[in-house]
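Participant: Take a look at this one; I'll ask things after.
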Amino acid sequence: MLLMEALGSGLLGLALSGAASRVLAQRLPSTRTVLVSGVVGALFGAYLTHMSLGPGHNTLFATLLGGVGVSAVVLSLLLRPAAGSRRAPRRAPFSLSSGG
């Protein structure tokens with residue numbers, strides 16, 4: 001069962017990172033980095049979910065869902081801002097204006 005969880009999570013992470021690198025190619029670093037991060041994130045998420053559920057709960061679906069969730073979070077951390085979204089810098093909240 002553990003082998004199925006690891007293989008399934010790795011394949012789902014690879015599919016998610018492949019789709020992300022295809023759709024968001026301009027906003028992500030190199031494809032190799034995205035693919036490795038997606039797979040490693042999915043494997044870590046599956047391990048984390050498996051360990052948090054405990055020994056009596058061998059649910060493949062929950063483990064795969066946890067793996068995909070962590071993989072999506074890791075991939076979202078790789079995103080860079082879009083090229084066309086240049087905004088004026090905002091003032092810090094509760095700051096005093098320097099002008100008179």
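By convention in this document, the chains of the structure tokens carry letters A, B, ... by their order, each chain's residues are numbered from 1, and ligands are numbered from 1 in the order they are shown.
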Would you list the contacts of stretch 63-77 of chain A as a ChimeraX atom specification, taking every protein, DNA or RNA residue within 12 Å and counting only C-alpha atoms, but skipping same-chain residues closer than 6 positions in sequence?
Facilitator: /A:1-21,24,27-29,31,33-54,57
Participant: Store the residues picked out above in a file with N, CA and C atoms, as a CSV table (one decimal), in the first residue's frame.
Facilitator:
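Written output follows (out.csv):
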chain,number,residue,atom,x,y,z
A,1,MET,N,0.8,-1.2,0.0
A,1,MET,CA,0.0,0.0,0.0
A,1,MET,C,0.9,1.3,0.0
A,2,LEU,N,2.0,1.2,0.7
A,2,LEU,CA,2.9,2.4,0.8
A,2,LEU,C,3.5,2.7,-0.6
A,3,LEU,N,3.8,1.6,-1.3
A,3,LEU,CA,4.3,1.8,-2.6
A,3,LEU,C,3.3,2.4,-3.6
A,4,MET,N,2.1,2.1,-3.5
A,4,MET,CA,1.0,2.7,-4.3
A,4,MET,C,0.9,4.2,-3.9
A,5,GLU,N,1.0,4.5,-2.7
A,5,GLU,CA,0.9,5.9,-2.2
A,5,GLU,C,2.0,6.7,-2.8
A,6,ALA,N,3.2,6.2,-2.7
A,6,ALA,CA,4.4,6.9,-3.2
A,6,ALA,C,4.4,7.0,-4.7
A,7,LEU,N,4.0,6.0,-5.4
A,7,LEU,CA,4.0,6.1,-6.9
A,7,LEU,C,2.9,7.0,-7.4
A,8,GLY,N,1.7,6.8,-6.7
A,8,GLY,CA,0.6,7.7,-7.1
A,8,GLY,C,0.8,9.1,-6.8
A,9,SER,N,1.4,9.4,-5.7
A,9,SER,CA,1.7,10.8,-5.3
A,9,SER,C,2.7,11.4,-6.3
A,10,GLY,N,3.8,10.6,-6.6
A,10,GLY,CA,4.8,11.1,-7.5
A,10,GLY,C,4.3,11.4,-8.9
A,11,LEU,N,3.4,10.5,-9.4
A,11,LEU,CA,2.8,10.7,-10.7
A,11,LEU,C,1.8,11.9,-10.7
A,12,LEU,N,1.1,12.1,-9.6
A,12,LEU,CA,0.2,13.2,-9.6
A,12,LEU,C,0.9,14.5,-9.5
A,13,GLY,N,2.0,14.5,-8.7
A,13,GLY,CA,2.9,15.7,-8.6
A,13,GLY,C,3.5,16.0,-9.9
A,14,LEU,N,3.9,15.0,-10.6
A,14,LEU,CA,4.5,15.2,-11.9
A,14,LEU,C,3.5,15.8,-12.9
A,15,ALA,N,2.3,15.3,-12.9
A,15,ALA,CA,1.2,15.8,-13.8
A,15,ALA,C,0.9,17.2,-13.4
A,16,LEU,N,0.8,17.5,-12.1
A,16,LEU,CA,0.4,18.9,-11.7
A,16,LEU,C,1.5,19.9,-12.1
A,17,SER,N,2.8,19.5,-11.8
A,17,SER,CA,3.9,20.4,-12.2
A,17,SER,C,4.0,20.5,-13.7
A,18,GLY,N,3.8,19.5,-14.4
A,18,GLY,CA,3.8,19.6,-15.9
A,18,GLY,C,2.8,20.5,-16.4
A,19,ALA,N,1.6,20.4,-15.9
A,19,ALA,CA,0.5,21.3,-16.3
A,19,ALA,C,0.8,22.7,-15.9
A,20,ALA,N,1.3,22.9,-14.7
A,20,ALA,CA,1.7,24.3,-14.3
A,20,ALA,C,2.8,24.9,-15.2
A,21,SER,N,3.8,24.1,-15.5
A,21,SER,CA,4.9,24.6,-16.3
A,21,SER,C,4.4,24.9,-17.8
A,24,LEU,N,1.8,28.2,-17.1
A,24,LEU,CA,2.4,29.4,-16.5
A,24,LEU,C,3.9,29.4,-16.8
A,27,ARG,N,5.8,32.7,-15.9
A,27,ARG,CA,5.9,33.1,-14.4
A,27,ARG,C,6.6,32.1,-13.6
A,28,LEU,N,7.1,31.0,-14.1
A,28,LEU,CA,7.8,30.0,-13.4
A,28,LEU,C,9.3,29.9,-13.8
A,29,PRO,N,10.2,29.4,-12.9
A,29,PRO,CA,11.6,29.2,-13.3
A,29,PRO,C,11.7,28.1,-14.3
A,31,THR,N,11.9,24.6,-16.3
A,31,THR,CA,11.0,23.5,-16.3
A,31,THR,C,11.5,22.4,-15.4
A,33,THR,N,13.3,22.6,-12.6
A,33,THR,CA,13.0,23.0,-11.3
A,33,THR,C,11.6,22.8,-10.9
A,34,VAL,N,10.7,23.2,-11.8
A,34,VAL,CA,9.2,23.0,-11.5
A,34,VAL,C,8.9,21.6,-11.4
A,35,LEU,N,9.4,20.7,-12.3
A,35,LEU,CA,9.0,19.3,-12.2
A,35,LEU,C,9.6,18.6,-11.0
A,36,VAL,N,10.8,18.9,-10.6
A,36,VAL,CA,11.4,18.3,-9.4
A,36,VAL,C,10.6,18.8,-8.2
A,37,SER,N,10.3,20.1,-8.1
A,37,SER,CA,9.6,20.6,-6.9
A,37,SER,C,8.2,20.1,-6.8
A,38,GLY,N,7.5,19.8,-7.9
A,38,GLY,CA,6.2,19.3,-7.9
A,38,GLY,C,6.2,17.8,-7.4
A,39,VAL,N,7.2,17.0,-7.8
A,39,VAL,CA,7.3,15.6,-7.4
A,39,VAL,C,7.7,15.5,-6.0
A,40,VAL,N,8.7,16.3,-5.6
A,40,VAL,CA,9.2,16.2,-4.2
A,40,VAL,C,8.1,16.8,-3.2
A,41,GLY,N,7.4,17.8,-3.6
A,41,GLY,CA,6.3,18.3,-2.8
A,41,GLY,C,5.2,17.3,-2.6
A,42,ALA,N,4.9,16.6,-3.7
A,42,ALA,CA,3.8,15.5,-3.6
A,42,ALA,C,4.3,14.4,-2.7
A,43,LEU,N,5.5,14.0,-2.8
A,43,LEU,CA,6.0,12.9,-2.0
A,43,LEU,C,6.1,13.3,-0.5
A,44,PHE,N,6.5,14.5,-0.3
A,44,PHE,CA,6.5,14.9,1.1
A,44,PHE,C,5.1,15.1,1.7
A,45,GLY,N,4.2,15.6,0.9
A,45,GLY,CA,2.8,15.7,1.3
A,45,GLY,C,2.2,14.3,1.6
A,46,ALA,N,2.5,13.3,0.7
A,46,ALA,CA,1.9,12.0,1.0
A,46,ALA,C,2.5,11.4,2.3
A,47,TYR,N,3.8,11.6,2.5
A,47,TYR,CA,4.4,11.1,3.7
A,47,TYR,C,3.8,11.8,4.9
A,48,LEU,N,3.6,13.1,4.9
A,48,LEU,CA,3.1,13.9,6.0
A,48,LEU,C,1.6,13.5,6.2
A,49,THR,N,0.8,13.3,5.2
A,49,THR,CA,-0.5,12.8,5.4
A,49,THR,C,-0.6,11.4,5.9
A,50,HIS,N,0.2,10.5,5.4
A,50,HIS,CA,0.3,9.2,5.9
A,50,HIS,C,0.6,9.1,7.4
A,51,MET,N,1.6,9.9,7.8
A,51,MET,CA,2.1,9.9,9.2
A,51,MET,C,1.0,10.5,10.1
A,52,SER,N,0.4,11.6,9.6
A,52,SER,CA,-0.6,12.2,10.5
A,52,SER,C,-1.9,11.4,10.6
A,53,LEU,N,-2.2,10.6,9.7
A,53,LEU,CA,-3.4,9.8,9.8
A,53,LEU,C,-3.2,8.6,10.8
A,54,GLY,N,-2.0,8.1,10.9
A,54,GLY,CA,-1.7,7.1,11.8
A,54,GLY,C,-1.8,5.7,11.2
A,57,HIS,N,-5.4,4.1,9.6
A,57,HIS,CA,-6.2,4.7,8.6
A,57,HIS,C,-5.3,4.6,7.3
Participant: Which residues in chain A does DSSP call alpha helix (DSSP H)? List them as an MDAnalysis selection string.
Facilitator: chainID A and resid 2:23 31:53 60:78
